[in-house]
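Have a look at the structure below before the remarks.
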Amino acid sequence: MQYERAEMDVLTGKVAVVTGAASGIGSAMASAFAAAGMHVVLADRNEQGLAHVLETIEAHGGAGIAVPTDCGDRDSVGALRDATLAAFGAAHVVCNNAGLGGGGALINGRLDLARWREVMNVNYFGHIYGIEAFLPILLEQDEGHIVNTASRQGLVSSGGNAGYCASKSAAIALSETLHLELSSIGSKVGISILCPGGVRTGMLRPPEELPADTDAETRTLLTQRYRDAAEPADVAALVVRAVLANRLYVLTHAETIEWMTARTDRIAGDVAALGTIR
Ligand SMILES: NC(=O)c1ccc[n+]([C@@H]2O[C@H](COP(=O)([O-])OP(=O)(O)OC[C@H]3O[C@@H](n4cnc5c(N)ncnc54)[C@H](O)[C@@H]3O)[C@@H](O)[C@H]2O)c1
């Protein structure tokens, strides 16, 4: 994706904080912001991965720091804010991106509730902690942008993945509410909600890396999902564009809109069939 030079100048010298930066979409967003001349603060609980990403960014002329962080822990995200301010004195673009899947299907009687809670804690509360830690800085500056990584599975649910879908729906509701509140006070602080379809990251491995005991149906599904998936660098370029254009929604796959239309048609169909009270 090409940018106008003047557009990129807006970001030069500013500070981007990216969680989940040790891998996948987070690593790509950090690299894209660094390439735009921003100082980057890389946060993740994978310290080795963080060091590797920072090394790569520095090798390309970028500058930043790595801050080991557990995004599901309020104090740890507070410490991330403190480390950011100590290093750069400001934060401008804050990407609450760390996330994970799991929890299992509802119908097979084997719910992994510990994992379900962890998914909710990182994917939803992690965003709350990020907002709590960084929003006051952005409001004080009256400048900046929050990027919350949700998923298209937060817009349209899919089977077998209720814990993840619920956490991403919650993250979207949180972000939309923040957008309304920021608009209501005329704030210059922006927010974007990233709702990717499949992206080739640690979360979506190539078919040849699937465990040998993966059943045929799952293998076919994941092979097709991988084939249709986006590259992290392309997702990152779209996010940079959304920050520059101050757009709320960032979708990677066009068919998501069709799925959402089918969902609202279904709702409207049921309401038409039943009628409403008023
Ligand atoms: N890959 C996809 O197909 C896809 C689709 C939709 C949404 N997403 C979302 O994109 C985001 C990034 O995921 P990805 O696809 O790059 O996967 P990834 O597994 O490559 O990266 C996720 C990163 O988050 C980190 N992380 C997990 N829990 C953490 C915690 N408690 N504290 C700090 N770091 C933590 C991991 O260590 C990892 O580096 C996630 O929120 C994910 O739900 C991904």
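Identifiers in this document derive from the order of the structure tokens: chains are assigned A, B, ..., residues are numbered from 1 separately in each chain, and ligands are numbered from 1 in order of occurrence.
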Original post:
Counting only C-alpha atoms and all ligand atoms, which protein, DNA or RNA residues come within 7 Å of ligand 1, given as a ChimeraX atom specification?
Top reply: /A:19-26,43-46,69-72,97-101,122-123,149-152,195-204
Subject >> alpha helix (DSSP H) positions in segment 25-272 of chain A, given as a PyMOL selection string >> reply: chain A and resi 25-35+47-59+74-88+113-120+126-141+162-184+216-227+232-245+255-272
**OP:** Give the answer as one residue: which of A:Ile193, A:Met120, A:Glu181, A:Ala114 has the shortest atom-to-atom distance to Val250 of chain A, using only C-alpha atoms?
**Re:**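 Going through A:Ile193, A:Met120, A:Glu181, A:Ala114 one by one, the smallest distance to Val250 of chain A is for A:Ile193.
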Write out as an mmCIF file with all heavy atoms, in the first residue's frame all residues of segment 70-205 of chain A that backbone DSSP assigns to strand (DSSP E).
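Now in part-v7.cif:
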data_model
loop_
_atom_site.group_PDB
_atom_site.id
_atom_site.type_symbol
_atom_site.label_atom_id
_atom_site.label_comp_id
_atom_site.auth_asym_id
_atom_site.auth_seq_id
_atom_site.Cartn_x
_atom_site.Cartn_y
_atom_site.Cartn_z
ATOM 1 N N VAL A 93 0.120 6.401 19.346
ATOM 2 C CA VAL A 93 -0.712 5.329 18.792
ATOM 3 C C VAL A 93 -0.586 4.122 19.721
ATOM 4 O O VAL A 93 0.524 3.675 20.005
ATOM 5 C CB VAL A 93 -0.267 4.944 17.360
ATOM 6 C CG1 VAL A 93 -1.078 3.761 16.849
ATOM 7 C CG2 VAL A 93 -0.414 6.130 16.416
ATOM 8 N N VAL A 94 -1.704 3.654 20.231
ATOM 9 C CA VAL A 94 -1.688 2.529 21.183
ATOM 10 C C VAL A 94 -2.491 1.379 20.586
ATOM 11 O O VAL A 94 -3.703 1.506 20.377
ATOM 12 C CB VAL A 94 -2.276 2.946 22.546
ATOM 13 C CG1 VAL A 94 -2.283 1.758 23.510
ATOM 14 C CG2 VAL A 94 -1.486 4.113 23.131
ATOM 15 N N CYS A 95 -1.812 0.280 20.308
ATOM 16 C CA CYS A 95 -2.471 -0.882 19.696
ATOM 17 C C CYS A 95 -2.652 -1.978 20.727
ATOM 18 O O CYS A 95 -1.672 -2.618 21.144
ATOM 19 C CB CYS A 95 -1.636 -1.418 18.536
ATOM 20 S SG CYS A 95 -1.293 -0.208 17.258
ATOM 21 N N ASN A 96 -3.890 -2.167 21.171
ATOM 22 C CA ASN A 96 -4.220 -3.274 22.073
ATOM 23 C C ASN A 96 -4.485 -4.480 21.187
ATOM 24 O O ASN A 96 -5.600 -4.687 20.689
ATOM 25 C CB ASN A 96 -5.459 -2.924 22.900
ATOM 26 C CG ASN A 96 -5.189 -1.773 23.843
ATOM 27 O OD1 ASN A 96 -4.252 -1.814 24.628
ATOM 28 N ND2 ASN A 96 -6.005 -0.733 23.753
ATOM 29 N N HIS A 145 -4.236 7.965 18.883
ATOM 30 C CA HIS A 145 -5.150 7.004 18.265
ATOM 31 C C HIS A 145 -5.003 5.658 18.954
ATOM 32 O O HIS A 145 -3.886 5.213 19.219
ATOM 33 C CB HIS A 145 -4.815 6.866 16.775
ATOM 34 C CG HIS A 145 -5.939 6.364 15.950
ATOM 35 N ND1 HIS A 145 -6.814 7.199 15.279
ATOM 36 C CD2 HIS A 145 -6.361 5.105 15.690
ATOM 37 C CE1 HIS A 145 -7.716 6.463 14.636
ATOM 38 N NE2 HIS A 145 -7.456 5.188 14.875
ATOM 39 N N ILE A 146 -6.126 5.047 19.253
ATOM 40 C CA ILE A 146 -6.135 3.690 19.815
ATOM 41 C C ILE A 146 -6.564 2.729 18.717
ATOM 42 O O ILE A 146 -7.496 3.013 17.957
ATOM 43 C CB ILE A 146 -7.106 3.618 21.017
ATOM 44 C CG1 ILE A 146 -6.532 4.426 22.188
ATOM 45 C CG2 ILE A 146 -7.354 2.170 21.438
ATOM 46 C CD1 ILE A 146 -7.447 4.527 23.393
ATOM 47 N N VAL A 147 -5.853 1.612 18.613
ATOM 48 C CA VAL A 147 -6.239 0.548 17.680
ATOM 49 C C VAL A 147 -6.510 -0.700 18.508
ATOM 50 O O VAL A 147 -5.592 -1.224 19.153
ATOM 51 C CB VAL A 147 -5.121 0.251 16.654
ATOM 52 C CG1 VAL A 147 -5.541 -0.892 15.723
ATOM 53 C CG2 VAL A 147 -4.739 1.494 15.857
ATOM 54 N N ASN A 148 -7.745 -1.145 18.529
ATOM 55 C CA ASN A 148 -8.082 -2.360 19.266
ATOM 56 C C ASN A 148 -8.272 -3.512 18.283
ATOM 57 O O ASN A 148 -9.150 -3.449 17.403
ATOM 58 C CB ASN A 148 -9.357 -2.160 20.091
ATOM 59 C CG ASN A 148 -9.096 -1.289 21.319
ATOM 60 O OD1 ASN A 148 -7.966 -1.153 21.765
ATOM 61 N ND2 ASN A 148 -10.147 -0.694 21.853
ATOM 62 N N THR A 149 -7.456 -4.543 18.428
ATOM 63 C CA THR A 149 -7.617 -5.697 17.542
ATOM 64 C C THR A 149 -8.724 -6.591 18.079
ATOM 65 O O THR A 149 -8.604 -7.169 19.157
ATOM 66 C CB THR A 149 -6.310 -6.513 17.434
ATOM 67 O OG1 THR A 149 -5.257 -5.660 16.974
ATOM 68 C CG2 THR A 149 -6.487 -7.675 16.460
ATOM 69 N N GLY A 190 -8.512 9.468 18.240
ATOM 70 C CA GLY A 190 -9.261 8.564 17.371
ATOM 71 C C GLY A 190 -9.198 7.128 17.863
ATOM 72 O O GLY A 190 -8.409 6.784 18.745
ATOM 73 N N ILE A 191 -10.049 6.307 17.294
ATOM 74 C CA ILE A 191 -10.015 4.875 17.619
ATOM 75 C C ILE A 191 -10.359 4.062 16.378
ATOM 76 O O ILE A 191 -11.221 4.468 15.591
ATOM 77 C CB ILE A 191 -10.956 4.529 18.800
ATOM 78 C CG1 ILE A 191 -10.985 3.008 19.019
ATOM 79 C CG2 ILE A 191 -12.354 5.082 18.624
ATOM 80 C CD1 ILE A 191 -11.536 2.591 20.357
ATOM 81 N N SER A 192 -9.663 2.959 16.208
ATOM 82 C CA SER A 192 -9.980 2.018 15.132
ATOM 83 C C SER A 192 -10.155 0.632 15.719
ATOM 84 O O SER A 192 -9.478 0.271 16.686
ATOM 85 C CB SER A 192 -8.847 1.981 14.086
ATOM 86 O OG SER A 192 -8.713 3.220 13.443
ATOM 87 N N ILE A 193 -11.081 -0.121 15.106
ATOM 88 C CA ILE A 193 -11.323 -1.505 15.525
ATOM 89 C C ILE A 193 -10.894 -2.400 14.368
ATOM 90 O O ILE A 193 -11.499 -2.363 13.287
ATOM 91 C CB ILE A 193 -12.808 -1.746 15.836
ATOM 92 C CG1 ILE A 193 -13.370 -0.650 16.755
ATOM 93 C CG2 ILE A 193 -12.999 -3.119 16.449
ATOM 94 C CD1 ILE A 193 -14.896 -0.707 16.918
ATOM 95 N N LEU A 194 -9.848 -3.162 14.607
ATOM 96 C CA LEU A 194 -9.346 -4.069 13.569
ATOM 97 C C LEU A 194 -10.090 -5.400 13.685
ATOM 98 O O LEU A 194 -10.023 -6.061 14.731
ATOM 99 C CB LEU A 194 -7.829 -4.265 13.755
ATOM 100 C CG LEU A 194 -7.158 -5.303 12.865
ATOM 101 C CD1 LEU A 194 -7.327 -4.994 11.384
ATOM 102 C CD2 LEU A 194 -5.662 -5.418 13.223
ATOM 103 N N CYS A 195 -10.799 -5.767 12.623
ATOM 104 C CA CYS A 195 -11.573 -7.023 12.613
ATOM 105 C C CYS A 195 -11.084 -7.902 11.470
ATOM 106 O O CYS A 195 -11.733 -7.998 10.409
ATOM 107 C CB CYS A 195 -13.062 -6.737 12.439
ATOM 108 S SG CYS A 195 -13.773 -5.780 13.780
#
**OP:** Go through A:Arg115, A:Leu85, A:Ala59, A:Val156 one by one, measure the shortest atom-to-atom distance of each to Thr256 of chain A using only C-alpha atoms, and give the residue with the smallest value.
**Re:**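 Looking only at the distances to Thr256 of chain A, the closest residue turns out to be A:Val156.
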Subject >> Using only C-alpha atoms: which of A:Ile277, A:Ile137, A:Val189, A:Ala230 has the shortest distance to Val243 of chain A >> reply: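 Smallest separation from Val243 of chain A among the options: A:Val189.
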**OP:** Could you tell me which of A:Leu248, A:Leu135, A:Ala162, A:Ala233 comes closest to His179 of chain A if we count only C-alpha atoms?
**Re:**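 With only C-alpha atoms as the atom set, the closest residue is A:Leu248.
Contact shell of Glu55 of chain A at 12 Å (only C-alpha atoms; same-chain neighbours under 3 positions omitted): Ala22, Ser27, Ser31, Leu42, Gln48, Gly49, Leu50, Ala51, His52, Glu58, Ala59, His60, Gly61, Gly62, Ala63, Gly64, Ile65 and Ala66 of chain A.
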